[in-house]
>>> print(open('final-v1.txt').read())   # compact mmCIF, C-alpha atoms and all ligand atoms
# COMPACT_ATOMS: atom_id res chain seq x y z
CA MET K 1 0.00 0.00 0.00
CA ARG K 2 2.99 2.27 0.57
CA LEU K 3 3.87 1.79 -3.10
CA ALA K 4 0.29 2.53 -4.12
CA LEU K 5 0.52 5.76 -2.13
CA GLU K 6 3.71 6.62 -4.01
CA GLU K 7 1.78 6.08 -7.25
CA ALA K 8 -1.01 8.31 -5.99
CA LYS K 9 1.53 11.07 -5.35
CA LYS K 10 2.74 10.77 -8.95
CA ALA K 11 -0.84 11.48 -10.05
CA GLU K 12 -0.99 14.49 -7.74
CA GLU K 13 2.20 15.91 -9.28
CA LYS K 14 0.35 15.89 -12.61
CA MET K 15 -2.65 17.69 -11.09
CA GLU K 16 -4.60 14.44 -11.26
CA VAL K 17 -6.84 13.20 -8.45
CA PRO K 18 -4.29 11.23 -6.37
CA ILE K 19 -5.20 7.57 -6.71
CA GLY K 20 -2.59 4.86 -7.13
CA ALA K 21 -2.58 1.09 -7.61
CA VAL K 22 -0.02 -1.69 -7.46
CA ILE K 23 -0.35 -5.35 -8.44
CA VAL K 24 1.64 -8.05 -6.67
CA MET K 25 1.96 -11.57 -8.03
CA ASP K 26 3.89 -14.33 -6.26
CA GLY K 27 5.33 -11.81 -3.86
CA GLU K 28 6.63 -9.55 -6.61
CA VAL K 29 5.35 -6.16 -7.76
CA ILE K 30 4.52 -6.69 -11.43
CA ALA K 31 2.62 -3.52 -12.26
CA SER K 32 1.58 -0.15 -10.99
CA GLY K 33 -0.53 2.70 -12.22
CA HIS K 34 -1.97 6.03 -11.24
CA ASN K 35 -5.00 7.97 -12.28
CA LEU K 36 -4.43 9.78 -15.61
CA ARG K 37 -7.91 10.94 -16.49
CA GLU K 38 -7.01 14.60 -17.02
CA THR K 39 -3.71 13.93 -18.80
CA THR K 40 -5.29 11.50 -21.24
CA GLN K 41 -8.78 13.06 -21.23
CA ASN K 42 -9.94 9.48 -21.16
CA ALA K 43 -12.55 8.39 -18.62
CA VAL K 44 -11.26 4.83 -18.38
CA THR K 45 -7.69 5.63 -17.39
CA HIS K 46 -8.15 4.81 -13.71
CA ALA K 47 -5.17 3.62 -11.64
CA GLU K 48 -6.49 0.06 -11.34
CA LEU K 49 -7.24 -0.36 -15.06
CA LEU K 50 -3.82 0.89 -16.05
CA ALA K 51 -2.18 -1.45 -13.54
CA ILE K 52 -4.29 -4.42 -14.72
CA GLU K 53 -3.34 -3.74 -18.32
CA LYS K 54 0.34 -3.66 -17.46
CA ALA K 55 0.07 -6.76 -15.27
CA CYS K 56 -1.60 -8.78 -18.04
CA GLU K 57 1.09 -7.68 -20.45
CA LYS K 58 3.87 -8.59 -18.03
CA ALA K 59 2.32 -11.92 -17.00
CA GLY K 60 1.44 -12.75 -20.59
CA THR K 61 -2.08 -13.74 -19.59
CA TRP K 62 -5.42 -12.11 -18.85
CA ARG K 63 -5.77 -14.36 -15.80
CA LEU K 64 -4.26 -12.65 -12.79
CA GLU K 65 -5.34 -15.51 -10.55
CA ASN K 66 -2.72 -15.15 -7.83
CA ALA K 67 -2.61 -11.41 -7.94
CA GLU K 68 -3.20 -8.97 -5.12
CA LEU K 69 -4.23 -5.50 -6.12
CA TYR K 70 -3.50 -2.61 -3.76
CA VAL K 71 -5.33 0.63 -4.42
CA THR K 72 -5.57 3.81 -2.38
CA LEU K 73 -9.30 4.34 -3.05
CA GLU K 74 -12.09 1.80 -3.14
CA PRO K 75 -12.64 0.62 -6.74
CA CYS K 76 -15.46 2.08 -8.84
CA PRO K 77 -17.92 -0.11 -10.81
CA MET K 78 -15.73 -0.10 -13.93
CA CYS K 79 -12.57 -1.14 -12.10
CA SER K 80 -14.44 -3.69 -10.00
CA GLY K 81 -15.64 -5.21 -13.27
CA ALA K 82 -12.10 -5.37 -14.63
CA ILE K 83 -10.87 -6.88 -11.36
CA LEU K 84 -13.48 -9.65 -11.60
CA LEU K 85 -12.77 -10.28 -15.28
CA SER K 86 -9.03 -10.55 -14.71
CA ARG K 87 -9.64 -12.88 -11.74
CA VAL K 88 -7.56 -10.93 -9.27
CA LYS K 89 -7.47 -12.90 -6.03
CA THR K 90 -7.37 -10.14 -3.42
CA VAL K 91 -8.10 -6.44 -3.41
CA VAL K 92 -6.67 -4.32 -0.62
CA PHE K 93 -7.95 -0.75 -0.58
CA GLY K 94 -7.29 2.33 1.53
CA ALA K 95 -10.11 4.85 1.70
CA PRO K 96 -13.76 3.96 1.09
CA ASP K 97 -15.48 5.90 -1.71
CA PRO K 98 -18.98 7.04 -0.73
CA LYS K 99 -19.67 8.24 -4.30
CA ALA K 100 -18.52 5.26 -6.36
CA GLY K 101 -17.21 2.48 -4.14
CA CYS K 102 -18.24 -0.96 -5.36
CA ALA K 103 -16.21 -3.05 -2.94
CA GLY K 104 -18.59 -2.72 -0.02
CA THR K 105 -19.65 0.93 0.24
CA LEU K 106 -22.39 1.44 -2.38
CA MET K 107 -22.45 -2.21 -3.33
CA ASN K 108 -20.08 -5.11 -3.27
CA LEU K 109 -19.44 -6.38 -6.77
CA LEU K 110 -16.21 -8.06 -5.76
CA GLU K 111 -17.74 -10.46 -3.27
CA ASP K 112 -21.08 -11.08 -4.97
CA GLU K 113 -21.48 -14.83 -5.29
CA ARG K 114 -23.71 -14.51 -8.34
CA PHE K 115 -20.64 -13.72 -10.46
CA ASN K 116 -18.46 -16.62 -11.50
CA HIS K 117 -15.48 -15.11 -9.73
CA GLN K 118 -15.21 -13.59 -6.28
CA CYS K 119 -12.42 -11.58 -4.90
CA GLU K 120 -11.29 -11.28 -1.32
CA VAL K 121 -11.57 -7.68 -0.13
CA ILE K 122 -9.46 -6.12 2.61
CA PRO K 123 -10.69 -2.55 3.24
CA GLY K 124 -9.26 0.34 5.21
CA VAL K 125 -5.51 -0.31 4.93
CA LEU K 126 -3.65 2.98 5.58
CA GLN K 127 -7.10 4.52 5.22
CA GLU K 128 -6.18 7.83 6.81
CA GLU K 129 -3.14 8.40 4.65
CA CYS K 130 -4.95 7.38 1.46
CA GLY K 131 -8.01 9.48 2.26
CA GLY K 132 -5.93 12.39 3.55
CA LEU K 133 -4.15 12.65 0.23
CA LEU K 134 -7.49 13.04 -1.53
CA THR K 135 -8.89 15.47 1.02
CA SER K 136 -5.89 17.78 0.83
CA PHE K 137 -5.88 17.58 -2.98
CA PHE K 138 -9.49 18.71 -3.20
CA ARG K 139 -8.96 21.36 -0.54
CA GLY K 140 -6.04 22.73 -2.56
CA LEU K 141 -8.18 22.72 -5.69
CA ARG K 142 -10.95 24.67 -3.96
CA GLU K 143 -8.46 27.21 -2.63
CA LYS K 144 -6.94 27.62 -6.06
CA LYS K 145 -10.38 28.25 -7.55
CA LYS K 146 -11.12 30.81 -4.85
CA GLU K 147 -7.81 32.59 -5.44
CA GLU K 148 -8.47 32.64 -9.17
CA LYS K 149 -11.92 34.15 -8.57
CA ASN K 150 -10.50 36.83 -6.27
CA ARG K 151 -7.74 37.58 -8.76
CA ARG K 152 -10.28 38.05 -11.55
CA LYS K 153 -12.45 40.21 -9.34
CA ALA K 154 -9.47 42.40 -8.46
CA GLU K 155 -8.57 42.66 -12.15
CA VAL K 156 -12.09 43.71 -13.10
CA GLU K 157 -12.10 46.35 -10.33
CA HIS K 158 -8.72 47.56 -11.47
CA HIS K 159 -9.84 47.93 -15.08
CA THR K 160 -13.08 49.57 -14.08
CA GLY K 161 -11.05 52.06 -12.01
CA ILE K 162 -8.91 52.95 -15.01
CA ASP K 163 -11.95 53.36 -17.27
CA ASN K 164 -13.64 55.68 -14.79
CA GLY K 165 -10.52 57.70 -14.22
ZN ZN S 1 -12.14 2.97 -11.30
>>> encode(input="final-v1.txt", output="structure tokens")
Amino acid sequence: MRLALEEAKKAEEKMEVPIGAVIVMDGEVIASGHNLRETTQNAVTHAELLAIEKACEKAGTWRLENAELYVTLEPCPMCSGAILLSRVKTVVFGAPDPKAGCAGTLMNLLEDERFNHQCEVIPGVLQEECGGLLTSFFRGLREKKKEEKNRRKAEVEHHTGIDNG
């Protein structure tokens, strides 16, 4: 999970929502990924999907049967689907996602016995650190927006002053 957090920080450096994922197979890290939605302007470039793609490439198979996936935020429906389809064995996640979490928060796709594959879920690992990264990112974003608004307001006032003078 520490490595997943490092991945999340890479996303943050790119002004992306800081979410990172790492895949471990037979005790070895075989893939990692971080959210790249803004960079790619592609809605499917979530950390988990990018890591799964790399892991399949590296393992030479779509079956990641012995894999453990570590991700800083609870997987969304799309990523949960990809996790089931690639037969990941265990998912370890950090912060729960009240808006999209499909590993126990909104629903639990990963452990639903109606699917032909189930995944073991271990929630809340380094939850505070994983969630804190997201909270401070969004706080920073809000502050930036506020600053920008104030800057524009000041500019408008400045121009208006010149026009009137
Ligand atoms: Zn996702």
>>> atom_distance(input="final-v1.txt", atom1="atom CA of K:Asn116", atom2="atom CA of K:Arg87")
9.6 Å
>>> closest_residue(input="final-v1.txt", among="K:Glu38, K:Glu57, K:Glu74, K:Glu16", to="ligand ZN 1 (chain S)", atoms="all atoms listed in the file")
K:Glu74
>>> residues_around(input="final-v1.txt", residues="K:Thr105", least_positions_apart="6", cutoff="9 Å", atoms="all atoms listed in the file", output="short mmCIF file (atom, residue, chain, number, x, y, z; two decimals) with C-alpha atoms, in the coordinates of the input")
data_model
loop_
_atom_site.label_atom_id
_atom_site.label_comp_id
_atom_site.auth_asym_id
_atom_site.auth_seq_id
_atom_site.Cartn_x
_atom_site.Cartn_y
_atom_site.Cartn_z
CA GLU K 74 -12.09 1.80 -3.14
CA PRO K 96 -13.76 3.96 1.09
CA ASP K 97 -15.48 5.90 -1.71
CA PRO K 98 -18.98 7.04 -0.73
CA LYS K 99 -19.67 8.24 -4.30
#
>>> atom_distance(input="final-v1.txt", atom1="atom CA of K:Arg63", atom2="atom CA of K:Leu85")
8.1 Å
>>> residues_near_ligand(input="final-v1.txt", ligand="ligand ZN 1 (chain S)", cutoff="6 Å", atoms="all atoms listed in the file", output="PyMOL selection string")
chain K and resi 46+75-76+78-79
>>> atom_distance(input="final-v1.txt", atom1="atom CA of K:Asn66", atom2="atom CA of K:Ala95")
23.4 Å
>>> residues_around(input="final-v1.txt", residues="K:Leu126", least_positions_apart="4", cutoff="9 Å", atoms="only C-alpha atoms", output="PyMOL selection string")
chain K and resi 1-2+72+93-95+130-131
>>> residues_around(input="final-v1.txt", residues="K:Glu6", least_positions_apart="3", cutoff="12 Å", atoms="only C-alpha atoms", output="count of residues only")
22
>>> closest_residue(input="final-v1.txt", among="K:Glu147, K:Asn42, K:Ala154, K:Leu73", to="K:Glu7", atoms="only C-alpha atoms")
K:Leu73
>>> build_atoms(input="final-v1.txt", residues="stretch 74-106 of chain K", atoms="N, CA and C atoms", output="compact mmCIF listing (two decimals), keeping the file's coordinate frame")
# COMPACT_ATOMS: atom_id res chain seq x y z
N GLU K 74 -11.19 2.91 -2.81
CA GLU K 74 -12.09 1.80 -3.14
C GLU K 74 -12.44 1.81 -4.64
N PRO K 75 -12.36 0.67 -5.30
CA PRO K 75 -12.64 0.62 -6.74
C PRO K 75 -14.07 1.02 -7.12
N CYS K 76 -14.17 1.67 -8.28
CA CYS K 76 -15.46 2.08 -8.84
C CYS K 76 -16.08 0.88 -9.56
N PRO K 77 -17.30 1.03 -10.11
CA PRO K 77 -17.92 -0.11 -10.81
C PRO K 77 -17.10 -0.62 -11.99
N MET K 78 -16.52 0.31 -12.76
CA MET K 78 -15.73 -0.10 -13.93
C MET K 78 -14.52 -0.93 -13.50
N CYS K 79 -13.78 -0.43 -12.52
CA CYS K 79 -12.57 -1.14 -12.10
C CYS K 79 -12.92 -2.45 -11.40
N SER K 80 -14.02 -2.45 -10.64
CA SER K 80 -14.44 -3.69 -10.00
C SER K 80 -14.74 -4.73 -11.07
N GLY K 81 -15.37 -4.31 -12.15
CA GLY K 81 -15.64 -5.21 -13.27
C GLY K 81 -14.36 -5.78 -13.84
N ALA K 82 -13.39 -4.92 -14.07
CA ALA K 82 -12.10 -5.37 -14.63
C ALA K 82 -11.37 -6.31 -13.66
N ILE K 83 -11.51 -6.03 -12.38
CA ILE K 83 -10.87 -6.88 -11.36
C ILE K 83 -11.48 -8.29 -11.40
N LEU K 84 -12.81 -8.35 -11.52
CA LEU K 84 -13.48 -9.65 -11.60
C LEU K 84 -13.08 -10.38 -12.88
N LEU K 85 -13.06 -9.65 -14.00
CA LEU K 85 -12.77 -10.28 -15.28
C LEU K 85 -11.33 -10.76 -15.38
N SER K 86 -10.43 -10.10 -14.66
CA SER K 86 -9.03 -10.55 -14.71
C SER K 86 -8.71 -11.53 -13.58
N ARG K 87 -9.74 -11.85 -12.78
CA ARG K 87 -9.64 -12.88 -11.74
C ARG K 87 -8.60 -12.58 -10.67
N VAL K 88 -8.45 -11.33 -10.37
CA VAL K 88 -7.56 -10.93 -9.27
C VAL K 88 -8.05 -11.64 -8.00
N LYS K 89 -7.09 -12.11 -7.21
CA LYS K 89 -7.47 -12.90 -6.03
C LYS K 89 -7.91 -12.01 -4.86
N THR K 90 -7.12 -10.98 -4.60
CA THR K 90 -7.37 -10.14 -3.42
C THR K 90 -7.27 -8.67 -3.77
N VAL K 91 -8.19 -7.89 -3.26
CA VAL K 91 -8.10 -6.44 -3.41
C VAL K 91 -7.95 -5.82 -2.03
N VAL K 92 -6.91 -5.03 -1.88
CA VAL K 92 -6.67 -4.32 -0.62
C VAL K 92 -6.85 -2.84 -0.94
N PHE K 93 -7.80 -2.18 -0.27
CA PHE K 93 -7.95 -0.75 -0.58
C PHE K 93 -7.81 0.12 0.66
N GLY K 94 -7.50 1.39 0.44
CA GLY K 94 -7.29 2.33 1.53
C GLY K 94 -8.57 2.99 1.97
N ALA K 95 -8.94 4.07 1.29
CA ALA K 95 -10.11 4.85 1.70
C ALA K 95 -11.37 4.34 1.02
N PRO K 96 -12.48 4.30 1.74
CA PRO K 96 -13.76 3.96 1.09
C PRO K 96 -14.21 5.13 0.22
N ASP K 97 -14.99 4.83 -0.83
CA ASP K 97 -15.48 5.90 -1.71
C ASP K 97 -17.01 5.96 -1.64
N PRO K 98 -17.52 6.95 -0.90
CA PRO K 98 -18.98 7.04 -0.73
C PRO K 98 -19.72 7.40 -2.01
N LYS K 99 -19.00 7.85 -3.05
CA LYS K 99 -19.67 8.24 -4.30
C LYS K 99 -19.58 7.18 -5.39
N ALA K 100 -18.65 6.25 -5.28
CA ALA K 100 -18.52 5.26 -6.36
C ALA K 100 -18.05 3.88 -5.90
N GLY K 101 -17.81 3.72 -4.63
CA GLY K 101 -17.21 2.48 -4.14
C GLY K 101 -18.06 1.24 -4.37
N CYS K 102 -17.49 0.27 -5.08
CA CYS K 102 -18.24 -0.96 -5.36
C CYS K 102 -17.57 -2.18 -4.75
N ALA K 103 -16.84 -1.94 -3.67
CA ALA K 103 -16.21 -3.05 -2.94
C ALA K 103 -16.72 -3.04 -1.50
N GLY K 104 -17.98 -2.67 -1.34
CA GLY K 104 -18.59 -2.72 -0.02
C GLY K 104 -19.33 -1.45 0.40
N THR K 105 -19.01 -0.30 -0.21
CA THR K 105 -19.65 0.93 0.24
C THR K 105 -21.04 1.11 -0.39
N LEU K 106 -21.09 1.30 -1.72
CA LEU K 106 -22.39 1.44 -2.38
C LEU K 106 -22.98 0.06 -2.68
